[in-house]
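*Asks:* Input structure: final_32.cif, which contains mmCIF, C-alpha atoms.
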data_target
#
loop_
_atom_site.label_atom_id
_atom_site.label_comp_id
_atom_site.auth_asym_id
_atom_site.auth_seq_id
_atom_site.Cartn_x
_atom_site.Cartn_y
_atom_site.Cartn_z
CA MET A 621 -112.80 -26.64 -116.21
CA SER A 622 -111.26 -29.34 -114.06
CA VAL A 623 -107.51 -29.73 -114.45
CA LEU A 624 -108.19 -33.45 -114.87
CA ALA A 625 -111.07 -33.14 -117.31
CA VAL A 626 -109.05 -34.16 -120.37
CA ARG A 627 -108.23 -37.84 -120.01
CA GLU A 628 -106.81 -38.55 -123.44
CA PRO A 629 -103.06 -38.15 -123.97
CA ALA A 630 -102.04 -34.85 -125.45
CA THR A 631 -99.16 -35.85 -127.70
CA ALA A 632 -98.93 -33.38 -130.55
CA ALA A 633 -99.25 -34.66 -134.09
CA GLY A 634 -95.86 -35.59 -135.44
CA SER A 635 -94.26 -35.78 -131.99
CA ARG A 636 -91.22 -38.04 -131.82
CA LEU A 637 -92.55 -39.31 -128.48
CA GLY A 638 -95.03 -41.52 -130.31
CA ALA A 639 -92.21 -43.11 -132.29
CA LEU A 640 -90.28 -44.25 -129.21
CA PRO A 641 -90.60 -47.91 -128.17
CA ALA A 642 -92.62 -48.78 -125.08
CA ASP A 643 -89.43 -49.72 -123.22
CA ALA A 644 -87.65 -46.43 -123.97
CA SER A 645 -85.63 -45.13 -121.04
CA GLY A 646 -86.56 -42.05 -119.09
CA ALA A 647 -83.42 -40.36 -120.41
CA ASP A 648 -84.65 -40.89 -123.98
CA LEU A 649 -88.07 -39.50 -123.08
CA TRP A 650 -86.44 -36.48 -121.47
CA ARG A 651 -84.42 -35.67 -124.60
CA VAL A 652 -87.48 -35.80 -126.85
CA LEU A 653 -89.70 -33.84 -124.47
CA GLY A 654 -87.06 -31.14 -124.10
CA ALA A 655 -86.50 -30.84 -127.83
CA GLU A 656 -90.26 -30.38 -128.30
CA ASN A 657 -90.51 -27.78 -125.48
CA ARG A 658 -92.85 -30.02 -123.47
CA LEU A 659 -90.71 -29.85 -120.33
CA ALA A 660 -90.92 -26.07 -120.01
CA GLY A 661 -94.60 -26.33 -120.88
CA VAL A 662 -95.54 -27.91 -117.55
CA TYR A 663 -94.71 -24.63 -115.76
CA ARG A 664 -96.67 -21.41 -115.76
CA GLY A 665 -95.25 -19.16 -118.46
CA ASP A 666 -92.66 -21.88 -119.21
CA ASP A 667 -90.86 -20.73 -116.05
CA PRO A 668 -90.12 -23.21 -113.21
CA ARG A 669 -89.91 -20.29 -110.75
CA ARG A 670 -93.66 -19.69 -111.22
CA GLY A 671 -94.69 -23.21 -110.31
CA VAL A 672 -96.36 -25.99 -112.27
CA ASP A 673 -99.40 -25.74 -114.49
CA PRO A 674 -101.40 -28.71 -113.10
CA ALA A 675 -103.39 -29.23 -116.30
CA ALA A 676 -100.24 -29.42 -118.43
CA LEU A 677 -98.45 -31.63 -115.90
CA GLY A 678 -101.44 -33.97 -115.63
CA ALA A 679 -101.72 -34.25 -119.42
CA LEU A 680 -98.03 -35.08 -119.75
CA LEU A 681 -98.11 -37.73 -117.00
CA THR A 682 -101.23 -39.30 -118.55
CA ASP A 683 -99.46 -39.44 -121.89
CA LEU A 684 -96.31 -41.01 -120.46
CA ASP A 685 -98.19 -43.52 -118.29
CA ARG A 686 -100.23 -44.70 -121.27
CA ARG A 687 -97.20 -45.22 -123.49
CA PHE A 688 -94.26 -46.13 -121.25
CA GLY A 689 -93.32 -48.07 -118.14
CA VAL A 690 -93.40 -46.92 -114.53
CA GLY A 691 -89.61 -46.52 -114.36
CA SER A 692 -89.40 -44.29 -117.43
CA THR A 693 -92.29 -42.13 -116.25
CA LEU A 694 -90.67 -41.85 -112.82
CA ALA A 695 -87.42 -40.66 -114.43
CA VAL A 696 -89.28 -37.71 -115.95
CA THR A 697 -91.56 -36.93 -113.00
CA VAL A 698 -88.93 -36.46 -110.28
CA PRO A 699 -86.77 -33.81 -112.01
CA LEU A 700 -89.85 -31.98 -113.33
CA ALA A 701 -91.50 -31.76 -109.93
CA THR A 702 -88.45 -31.02 -107.79
CA CYS A 703 -85.06 -30.63 -109.49
CA LEU A 704 -85.91 -27.93 -112.02
CA PRO A 705 -87.79 -25.71 -109.52
CA LEU A 706 -84.83 -26.01 -107.14
CA LEU A 707 -82.35 -25.13 -109.88
CA ALA A 708 -84.44 -22.07 -110.70
CA SER A 709 -83.36 -20.56 -107.38
CA GLY A 710 -79.69 -20.71 -108.36
CA THR A 711 -77.28 -18.83 -110.60
CA GLY A 712 -74.09 -19.72 -112.45
CA PRO A 713 -73.83 -23.51 -112.91
CA ALA A 714 -77.42 -23.97 -111.69
CA ALA A 715 -78.80 -21.54 -114.28
CA ARG A 716 -76.83 -23.17 -117.08
CA THR A 717 -77.91 -26.66 -116.01
CA LEU A 718 -81.53 -25.52 -115.81
CA ALA A 719 -81.37 -24.26 -119.40
CA ASP A 720 -79.79 -27.52 -120.57
CA SER A 721 -82.40 -29.53 -118.65
CA LEU A 722 -85.38 -27.67 -120.11
CA ALA A 723 -83.91 -28.22 -123.58
CA GLY A 724 -83.56 -31.94 -122.90
CA ARG A 725 -79.78 -31.88 -123.18
CA THR A 726 -79.22 -33.20 -119.64
CA VAL A 727 -81.11 -34.93 -116.84
CA VAL A 728 -80.62 -33.92 -113.20
CA ALA A 729 -80.97 -36.47 -110.40
CA LEU A 730 -82.44 -35.55 -107.02
CA ALA A 731 -79.94 -37.01 -104.53
CA ALA A 732 -81.55 -36.52 -101.13
CA THR A 733 -81.91 -39.92 -99.44
CA ASP A 734 -78.71 -41.07 -97.70
CA ARG A 735 -77.19 -44.52 -97.40
CA ASP A 736 -78.28 -45.08 -93.80
CA SER A 737 -80.90 -42.43 -92.96
CA GLY A 738 -83.23 -42.88 -95.95
CA CYS A 739 -86.05 -40.34 -95.97
CA ASP A 740 -85.06 -38.99 -92.55
CA LEU A 741 -83.25 -36.09 -94.19
CA ALA A 742 -82.32 -34.40 -90.91
CA ALA A 743 -80.21 -37.47 -90.04
CA LEU A 744 -78.24 -37.69 -93.28
CA ASP A 745 -74.45 -38.08 -93.18
CA THR A 746 -73.37 -36.69 -96.56
CA ARG A 747 -71.13 -33.73 -95.75
CA VAL A 748 -70.08 -30.54 -97.49
CA SER A 749 -67.29 -28.34 -96.14
CA PHE A 750 -66.22 -24.92 -97.38
CA ASP A 751 -62.73 -23.55 -97.93
CA GLY A 752 -62.83 -20.05 -99.35
CA ASP A 753 -64.20 -20.22 -102.88
CA HIS A 754 -64.24 -24.01 -102.95
CA LEU A 755 -66.16 -26.85 -101.34
CA ARG A 756 -65.60 -30.54 -100.66
CA LEU A 757 -68.35 -33.18 -100.74
CA ASP A 758 -68.20 -36.65 -99.15
CA GLY A 759 -70.91 -39.24 -98.66
CA ALA A 760 -73.30 -41.61 -100.40
CA LYS A 761 -76.87 -41.56 -101.66
CA ARG A 762 -79.04 -44.61 -102.26
CA TRP A 763 -82.04 -45.40 -104.47
CA ILE A 764 -81.67 -42.27 -106.56
CA THR A 765 -83.78 -41.96 -109.73
CA ASN A 766 -81.63 -41.08 -112.79
CA ALA A 767 -78.41 -41.86 -110.85
CA THR A 768 -76.87 -43.81 -113.74
CA THR A 769 -78.13 -41.55 -116.55
CA CYS A 770 -77.86 -38.02 -115.14
CA GLY A 771 -75.54 -35.27 -116.28
CA ALA A 772 -75.59 -33.76 -112.80
CA ALA A 773 -77.06 -34.44 -109.37
CA LEU A 774 -78.62 -32.08 -106.86
CA VAL A 775 -77.09 -33.37 -103.63
CA LEU A 776 -78.47 -32.55 -100.20
CA ALA A 777 -75.60 -32.40 -97.70
CA ARG A 778 -75.01 -31.12 -94.20
CA HIS A 779 -72.46 -28.40 -93.47
CA ARG A 780 -72.96 -28.48 -89.69
CA PRO A 781 -73.76 -31.28 -87.23
CA GLY A 782 -77.23 -31.58 -85.76
CA PRO A 783 -80.78 -31.78 -87.14
CA HIS A 784 -81.58 -28.05 -87.36
CA PHE A 785 -83.05 -27.19 -90.75
CA THR A 786 -80.40 -24.52 -91.40
CA ASN A 787 -77.61 -27.13 -91.30
CA PHE A 788 -78.24 -28.43 -94.83
CA THR A 789 -77.28 -27.23 -98.30
CA TRP A 790 -77.95 -28.21 -101.91
CA VAL A 791 -74.89 -28.77 -104.09
CA LEU A 792 -75.06 -29.20 -107.86
CA VAL A 793 -72.55 -31.93 -108.70
CA PRO A 794 -71.57 -32.77 -112.31
CA ALA A 795 -71.76 -36.53 -112.84
CA ASP A 796 -68.28 -36.56 -114.37
CA ALA A 797 -66.59 -34.63 -111.53
CA PRO A 798 -63.59 -36.48 -110.02
CA GLY A 799 -64.67 -38.49 -107.01
CA VAL A 800 -68.25 -39.10 -108.23
CA SER A 801 -69.29 -42.69 -108.94
CA ALA A 802 -72.62 -44.34 -109.74
CA ARG A 803 -73.79 -47.93 -109.81
CA PRO A 804 -77.17 -49.45 -110.67
CA ALA A 805 -79.47 -50.43 -107.84
CA GLY A 806 -79.95 -54.17 -107.37
CA THR A 807 -83.53 -54.43 -108.58
CA GLU A 808 -85.42 -55.76 -111.58
CA LEU A 809 -88.11 -53.13 -111.11
CA PHE A 810 -88.34 -49.60 -112.54
CA ASP A 811 -86.73 -50.32 -115.90
CA GLY A 812 -85.71 -47.13 -117.66
CA SER A 813 -85.47 -45.05 -114.49
CA GLY A 814 -81.69 -45.13 -114.13
CA THR A 815 -82.20 -45.85 -110.42
CA GLY A 816 -78.92 -46.40 -108.61
CA HIS A 817 -76.57 -45.42 -105.83
CA LEU A 818 -74.22 -42.43 -105.87
CA ALA A 819 -70.94 -42.01 -103.98
CA PHE A 820 -68.94 -38.82 -103.42
CA ASP A 821 -65.32 -39.23 -102.36
CA GLY A 822 -63.54 -35.94 -101.82
CA VAL A 823 -65.40 -34.18 -104.63
CA ARG A 824 -64.03 -30.64 -104.98
CA LEU A 825 -66.04 -27.91 -106.70
CA THR A 826 -66.17 -24.13 -106.75
CA ARG A 827 -68.54 -22.60 -104.25
CA ASP A 828 -70.87 -21.36 -106.99
CA HIS A 829 -72.16 -24.94 -107.21
CA VAL A 830 -74.19 -24.27 -104.06
CA VAL A 831 -77.84 -23.90 -105.09
CA GLY A 832 -80.16 -21.54 -103.25
CA GLY A 833 -77.63 -20.49 -100.63
CA ALA A 834 -75.83 -22.33 -97.83
CA GLY A 835 -78.19 -23.42 -95.06
CA ARG A 836 -81.29 -23.33 -97.26
CA GLY A 837 -81.34 -26.98 -98.25
CA LEU A 838 -84.28 -28.21 -96.21
CA SER A 839 -86.29 -25.02 -96.56
CA GLY A 840 -85.83 -25.18 -100.34
CA PHE A 841 -86.86 -28.80 -100.40
CA ALA A 842 -89.92 -28.11 -98.22
CA ALA A 843 -90.99 -25.39 -100.63
CA HIS A 844 -91.19 -27.89 -103.49
CA ILE A 845 -92.16 -31.19 -101.85
CA ALA A 846 -95.83 -30.21 -102.20
CA THR A 847 -95.41 -30.07 -105.98
CA GLU A 848 -93.81 -33.51 -106.01
CA ARG A 849 -96.76 -34.90 -104.06
CA LEU A 850 -99.22 -33.25 -106.43
CA ALA A 851 -97.39 -34.83 -109.37
CA GLY A 852 -97.70 -38.23 -107.68
CA ALA A 853 -101.43 -37.71 -107.17
CA LEU A 854 -101.94 -36.75 -110.82
CA TRP A 855 -99.93 -39.77 -111.95
CA ALA A 856 -102.00 -42.03 -109.67
CA VAL A 857 -105.19 -40.80 -111.36
CA ALA A 858 -103.82 -41.70 -114.78
CA LEU A 859 -102.40 -45.06 -113.68
CA CYS A 860 -105.53 -46.27 -111.88
CA GLU A 861 -107.93 -45.23 -114.61
CA ARG A 862 -105.80 -46.88 -117.28
CA VAL A 863 -105.54 -50.19 -115.43
CA LEU A 864 -109.25 -50.21 -114.60
CA HIS A 865 -110.06 -49.65 -118.27
CA GLU A 866 -107.73 -52.46 -119.32
CA THR A 867 -109.22 -54.78 -116.69
CA ALA A 868 -112.79 -54.12 -117.84
CA GLY A 869 -111.74 -54.91 -121.42
CA HIS A 870 -110.15 -58.17 -120.28
CA LEU A 871 -113.22 -59.23 -118.30
CA LYS A 872 -115.56 -58.46 -121.21
CA GLY A 873 -113.49 -60.64 -123.51
CA ARG A 874 -112.74 -63.53 -121.12
CA ARG A 875 -115.14 -66.41 -121.69
CA HIS A 876 -116.76 -68.08 -118.70
CA GLY A 877 -119.40 -70.76 -119.22
CA ASP A 878 -121.89 -69.50 -121.79
CA GLY A 879 -120.87 -65.89 -121.33
CA VAL A 880 -117.97 -63.76 -120.16
CA LEU A 881 -116.56 -62.93 -116.73
CA TRP A 882 -117.94 -59.38 -116.89
CA GLU A 883 -121.48 -60.78 -116.68
CA ARG A 884 -120.87 -62.16 -113.17
CA GLU A 885 -122.37 -59.75 -110.66
CA GLY A 886 -119.71 -60.29 -108.00
CA ILE A 887 -116.90 -59.50 -110.44
CA ARG A 888 -118.60 -56.35 -111.71
CA GLN A 889 -119.19 -55.17 -108.17
CA ARG A 890 -115.57 -55.72 -107.15
CA TRP A 891 -114.38 -53.83 -110.22
CA ALA A 892 -116.86 -51.03 -109.48
CA GLY A 893 -115.58 -50.80 -105.90
CA ALA A 894 -112.08 -50.18 -107.24
CA LEU A 895 -113.48 -47.63 -109.68
CA LEU A 896 -115.14 -45.86 -106.76
CA ARG A 897 -111.82 -45.58 -104.94
CA SER A 898 -110.18 -44.25 -108.09
CA ARG A 899 -112.90 -41.64 -108.60
CA GLN A 900 -112.68 -40.58 -104.96
CA HIS A 901 -108.96 -39.98 -105.39
CA ARG A 902 -109.61 -38.04 -108.59
CA ALA A 903 -112.17 -35.85 -106.81
CA LEU A 904 -109.82 -35.20 -103.89
CA THR A 905 -107.02 -34.30 -106.29
CA GLU A 906 -109.26 -31.90 -108.19
CA SER A 907 -110.42 -30.23 -104.98
CA LEU A 908 -106.91 -29.70 -103.57
CA THR A 909 -104.92 -28.94 -106.72
CA GLU A 910 -105.13 -25.17 -106.35
CA ALA A 911 -104.15 -25.27 -102.68
CA VAL A 912 -101.05 -27.30 -103.52
CA ALA A 913 -100.03 -25.76 -106.84
CA VAL A 914 -100.65 -22.12 -105.90
CA ARG A 915 -100.30 -21.96 -102.11
CA ARG A 916 -98.02 -25.00 -101.67
CA ASP A 917 -100.19 -26.15 -98.80
CA THR A 918 -98.25 -28.95 -97.13
CA SER A 919 -101.26 -30.51 -95.38
CA SER A 920 -103.22 -30.74 -98.63
CA ALA A 921 -100.16 -32.19 -100.35
CA ALA A 922 -99.84 -34.80 -97.58
CA LEU A 923 -103.51 -35.76 -98.03
CA LEU A 924 -102.96 -36.22 -101.75
CA LYS A 925 -99.89 -38.37 -101.24
CA ALA A 926 -101.63 -40.64 -98.74
CA SER A 927 -104.65 -40.91 -101.01
CA ALA A 928 -102.49 -41.74 -104.04
CA ALA A 929 -100.61 -44.47 -102.17
CA GLU A 930 -103.69 -46.18 -100.75
CA THR A 931 -105.71 -45.85 -103.98
CA VAL A 932 -102.95 -47.27 -106.18
CA GLU A 933 -102.45 -50.19 -103.79
CA HIS A 934 -106.17 -51.01 -103.69
CA VAL A 935 -106.88 -50.60 -107.40
CA LEU A 936 -103.87 -52.61 -108.54
CA ASP A 937 -104.61 -55.36 -106.03
CA VAL A 938 -108.18 -55.72 -107.28
CA CYS A 939 -107.22 -55.56 -110.96
CA ALA A 940 -104.38 -58.05 -110.51
CA HIS A 941 -106.81 -60.52 -108.93
CA LEU A 942 -109.53 -59.99 -111.53
CA GLN A 943 -107.12 -60.51 -114.43
CA GLY A 944 -105.97 -63.87 -113.07
CA ALA A 945 -103.00 -65.42 -114.84
CA HIS A 946 -103.20 -62.68 -117.47
CA GLY A 947 -102.17 -60.23 -114.77
CA PHE A 948 -98.67 -61.75 -114.60
CA ARG A 949 -97.73 -60.62 -118.12
CA THR A 950 -94.93 -58.11 -118.54
CA GLY A 951 -96.32 -54.71 -117.63
CA GLY A 952 -99.45 -56.30 -116.16
CA PRO A 953 -101.04 -55.40 -112.82
CA GLN A 954 -99.00 -57.93 -110.84
CA GLN A 955 -95.78 -56.22 -111.94
CA LEU A 956 -97.37 -52.80 -111.56
CA ARG A 957 -98.47 -53.68 -108.03
CA ALA A 958 -94.86 -54.19 -106.93
CA GLN A 959 -93.77 -50.93 -108.55
CA GLY A 960 -96.86 -49.09 -107.32
CA ALA A 961 -95.68 -49.59 -103.74
CA LEU A 962 -93.35 -46.66 -104.47
CA PHE A 963 -96.34 -44.30 -104.12
CA GLY A 964 -96.43 -45.17 -100.40
CA ILE A 965 -92.67 -45.04 -99.83
CA GLY A 966 -90.82 -42.54 -102.02
CA GLY A 967 -90.88 -38.92 -100.86
CA GLY A 968 -92.17 -39.87 -97.42
CA THR A 969 -94.03 -42.99 -96.33
CA THR A 970 -97.81 -43.04 -95.97
CA GLU A 971 -97.42 -43.15 -92.19
CA VAL A 972 -95.27 -40.00 -92.25
CA VAL A 973 -97.70 -37.98 -94.38
CA LEU A 974 -100.70 -39.15 -92.37
CA SER A 975 -98.94 -37.84 -89.26
CA ILE A 976 -98.65 -34.47 -90.98
CA VAL A 977 -102.37 -34.57 -91.77
CA ALA A 978 -103.25 -35.46 -88.18
CA GLU A 979 -101.09 -32.74 -86.65
CA THR A 980 -102.46 -30.08 -88.98
CA ALA A 981 -106.07 -31.09 -88.42
CA ALA A 982 -105.65 -31.24 -84.64
CA ASP A 983 -104.06 -27.77 -84.53
CA GLY A 984 -106.69 -26.15 -86.77
CA PRO A 985 -109.88 -24.34 -85.69
CA ALA A 986 -112.70 -26.57 -84.43
CA GLY A 987 -114.74 -27.98 -87.26
CA GLU A 988 -112.20 -27.06 -89.91
CA LEU A 989 -110.21 -29.84 -91.53
CA PRO A 990 -107.57 -29.43 -94.22
#
Can the structure from this file be put into structure tokens for me?

*Replies:*
Amino acid sequence: MSVLAVREPATAAGSRLGALPADASGADLWRVLGAENRLAGVYRGDDPRRGVDPAALGALLTDLDRRFGVGSTLAVTVPLATCLPLLASGTGPAARTLADSLAGRTVVALAATDRDSGCDLAALDTRVSFDGDHLRLDGAKRWITNATTCGAALVLARHRPGPHFTNFTWVLVPADAPGVSARPAGTELFDGSGTGHLAFDGVRLTRDHVVGGAGRGLSGFAAHIATERLAGALWAVALCERVLHETAGHLKGRRHGDGVLWEREGIRQRWAGALLRSRQHRALTESLTEAVAVRRDTSSAALLKASAAETVEHVLDVCAHLQGAHGFRTGGPQQLRAQGALFGIGGGTTEVVLSIVAETAADGPAGELP
């Protein structure tokens, strides 16, 4: 069976998730999902070390997208796809934080992008230095999901100058540690995501707050970025199909002359063209899910991310136009279109992932494409 075959949300009967308001924050969603064991359930054997179960992850993202805003869904997606698998490689504070996260008692923010270098992680300036059994962290991170709501942040920092991949380390930083500050990002988008900026001014912690070992920051991140891109592709399937369904309903009910807008051939064809793009993305996601989820194939993951970004942009653009003034309502496709741009920016721009696809395809055997 296809991992995307079940399109209806999978909220269990009696789940407190259904009782939350549509504008509930991601932190509220996280608490309920953890209490109901739905966070652990997206991993094979309920164990983040074994990787995600794509069917369970897709069902959860479909459920959240149908009920809540983009920002709240984002606040759940990022830690599920990246933070918890990274924490699973650690011991001590990391192991305790992982247990608290899976239970919904705390949210962990992924603090990778720096103030000046953005997604160019090899150029980041946030620094960690070691002194015996202690460490010191200094720097700043920008546009971090869950920054203002997290109990801890996984911070990517450099311990040596230069871009070599062994010069970077993950540090688990409690949000209430002296020297840590957070402020909301200056945006009206992504309500409920807790998106903000983090600063670290002489933060001192014991060395056991290093996650995965010193010098393994970028290699650890690379091992899990494929899962994050798969999560984005699964979310894009749910988002596009939902908005297309809503748009068709609007067109069938919107009067025009003696009939409704849906009866106009040009409108139906434009809607169908967007549906085609959505189905193509679904098919690509289905075909590459195993390669990404099981083998963590970076080229396949890059294809999925590029497809998700371009499909979301196209589908939301068409649906926003077809819904006319109705599309400007709160939560409508015009608002979604602005937020949907994140699919082509966060976690690596479309241009970056297409470069990965091109390099992999060019280096492969003749006639074989990823």

*Asks:* Box time for range 866-880 of chain A: axis-aligned, enclosing all its listed atoms, 8 Å extra on each side; report centre and edge lengths in Å to one decimal, as AutoDock Vina command-line options.

*Replies:*
--center_x -114.8 --center_y -61.6 --center_z -120.1 --size_x 30.2 --size_y 34.3 --size_z 22.8

*Asks:* Could you give me, as a ChimeraX atom specification, the residues within 8 Å of range 694-697 of chain A, counting only C-alpha atoms and dropping anything in the same chain fewer than 4 positions from it?

*Replies:* /A:646-647,649-650,681,690,701,765-766,812-814,851

*Asks:* A:Ala723, A:Leu718, A:Leu776, A:Leu854: which is nearest Thr682 in chain A, counting all atoms listed in the file?

*Replies:* A:Leu854

*Asks:* Since I can't run it myself right now, could you work out what the PyMOL selection byres ((chain A and resi 928) around 10) selects here and report it as an MDAnalysis selection string?

*Replies:* chainID A and resid 849:850 852:857 860 898 901:902 904:905 922:927 929:934 960 963:964 970

*Asks:* Convert the current residue selection to file output with C-alpha atoms, as a short mmCIF file (atom, residue, chain, number, x, y, z; two decimals), in the coordinates of the input.

*Replies:*
data_model
loop_
_atom_site.label_atom_id
_atom_site.label_comp_id
_atom_site.auth_asym_id
_atom_site.auth_seq_id
_atom_site.Cartn_x
_atom_site.Cartn_y
_atom_site.Cartn_z
CA ARG A 849 -96.76 -34.90 -104.06
CA LEU A 850 -99.22 -33.25 -106.43
CA GLY A 852 -97.70 -38.23 -107.68
CA ALA A 853 -101.43 -37.71 -107.17
CA LEU A 854 -101.94 -36.75 -110.82
CA TRP A 855 -99.93 -39.77 -111.95
CA ALA A 856 -102.00 -42.03 -109.67
CA VAL A 857 -105.19 -40.80 -111.36
CA CYS A 860 -105.53 -46.27 -111.88
CA SER A 898 -110.18 -44.25 -108.09
CA HIS A 901 -108.96 -39.98 -105.39
CA ARG A 902 -109.61 -38.04 -108.59
CA LEU A 904 -109.82 -35.20 -103.89
CA THR A 905 -107.02 -34.30 -106.29
CA ALA A 922 -99.84 -34.80 -97.58
CA LEU A 923 -103.51 -35.76 -98.03
CA LEU A 924 -102.96 -36.22 -101.75
CA LYS A 925 -99.89 -38.37 -101.24
CA ALA A 926 -101.63 -40.64 -98.74
CA SER A 927 -104.65 -40.91 -101.01
CA ALA A 929 -100.61 -44.47 -102.17
CA GLU A 930 -103.69 -46.18 -100.75
CA THR A 931 -105.71 -45.85 -103.98
CA VAL A 932 -102.95 -47.27 -106.18
CA GLU A 933 -102.45 -50.19 -103.79
CA HIS A 934 -106.17 -51.01 -103.69
CA GLY A 960 -96.86 -49.09 -107.32
CA PHE A 963 -96.34 -44.30 -104.12
CA GLY A 964 -96.43 -45.17 -100.40
CA THR A 970 -97.81 -43.04 -95.97
#

*Asks:* Between CA of Ala911 in chain A and CA of Ala732 in chain A, measure the distance and give it in Å to one decimal.

*Replies:* 25.3 Å

*Asks:* Check what the PyMOL selection byres ((chain A and resi 866) around 12) selects in the file above and give those residues as a PyMOL selection string.

*Replies:* chain A and resi 686+859-865+867-873+891+936+939-940+942-943+946-947+951-953

*Asks:* In the coordinate frame of the file, compute which residues have an atom within 10 Å of (-89.3, -40.1, -99.1) when using only C-alpha atoms, and state them as a PDB file with C-alpha atoms, in the frame of the given file.

*Replies:*
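Output saved as selection_28.pdb:
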ATOM      1  CA  ALA A 732     -81.550 -36.520-101.130  1.00  0.00           C
ATOM      2  CA  THR A 733     -81.910 -39.920 -99.440  1.00  0.00           C
ATOM      3  CA  GLY A 738     -83.230 -42.880 -95.950  1.00  0.00           C
ATOM      4  CA  CYS A 739     -86.050 -40.340 -95.970  1.00  0.00           C
ATOM      5  CA  ASP A 740     -85.060 -38.990 -92.550  1.00  0.00           C
ATOM      6  CA  LEU A 741     -83.250 -36.090 -94.190  1.00  0.00           C
ATOM      7  CA  ILE A 845     -92.160 -31.190-101.850  1.00  0.00           C
ATOM      8  CA  LEU A 962     -93.350 -46.660-104.470  1.00  0.00           C
ATOM      9  CA  PHE A 963     -96.340 -44.300-104.120  1.00  0.00           C
ATOM     10  CA  GLY A 964     -96.430 -45.170-100.400  1.00  0.00           C
ATOM     11  CA  ILE A 965     -92.670 -45.040 -99.830  1.00  0.00           C
ATOM     12  CA  GLY A 966     -90.820 -42.540-102.020  1.00  0.00           C
ATOM     13  CA  GLY A 967     -90.880 -38.920-100.860  1.00  0.00           C
ATOM     14  CA  GLY A 968     -92.170 -39.870 -97.420  1.00  0.00           C
ATOM     15  CA  THR A 969     -94.030 -42.990 -96.330  1.00  0.00           C
ATOM     16  CA  THR A 970     -97.810 -43.040 -95.970  1.00  0.00           C
ATOM     17  CA  VAL A 972     -95.270 -40.000 -92.250  1.00  0.00           C
ATOM     18  CA  VAL A 973     -97.700 -37.980 -94.380  1.00  0.00           C
TER      19      VAL A 973
END

*Asks:* Mind telling me what the PyMOL selection byres ((chain A and resi 755) around 10) catches here, as a ChimeraX atom specification?

*Replies:* /A:748-754,756-757,791,822-830

*Asks:* So which residues touch range 670-680 of chain A within 6 Å, counting all atoms listed in the file, skipping near sequence neighbours fewer than 4 positions away, as a PyMOL selection string?

*Replies:* chain A and resi 623+662-664+854

*Asks:* So the first atom is CA of Ala805 in chain A and the second is CA of Gly759 in chain A; what is the distance between them in Å, to one decimal place?

*Replies:*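 We find that CA of Ala805 in chain A and CA of Gly759 in chain A lie 16.8 Å from each other.
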
*Asks:* Would you work out the distance separating CA of Glu883 in chain A from CA of Gln955 in chain A, expressed in Å to one decimal?

*Replies:*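 Taking CA of Glu883 in chain A and CA of Gln955 in chain A, their separation equals 26.5 Å.
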
*Asks:* Smallest atom-to-atom distance to Val793 in chain A: which of A:Thr815, A:Thr847, A:Gln954, A:Thr717, using all atoms listed in the file?

*Replies:*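 With all atoms listed in the file as the atom set, the closest residue is A:Thr717.
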
*Asks:* Of the candidates A:Val914, A:Ala819, A:Ala858, A:Leu881, which shows the shortest atom-to-atom distance to Ala843 in chain A, using all atoms listed in the file?

*Replies:* A:Val914

*Asks:* Calculated over only C-alpha atoms, which of the candidates A:Ser635, A:Ser920, A:Ser692, A:Thr789 has the smallest distance to Thr769 in chain A?

*Replies:*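 So, comparing all the options, the nearest one is A:Ser692.
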
*Asks:* Given the choices A:Leu974, A:Val880, A:Ala945, A:Ala961, which gets closest to Thr918 in chain A if the distance is worked out from all atoms listed in the file?

*Replies:* A:Leu974

*Asks:* Between A:Ile764, A:Leu722, A:Val698, A:Ala772, single out the one closest to Arg651 in chain A, counting only C-alpha atoms.

*Replies:*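 Counting only C-alpha atoms, the residue closest to Arg651 in chain A is A:Leu722.
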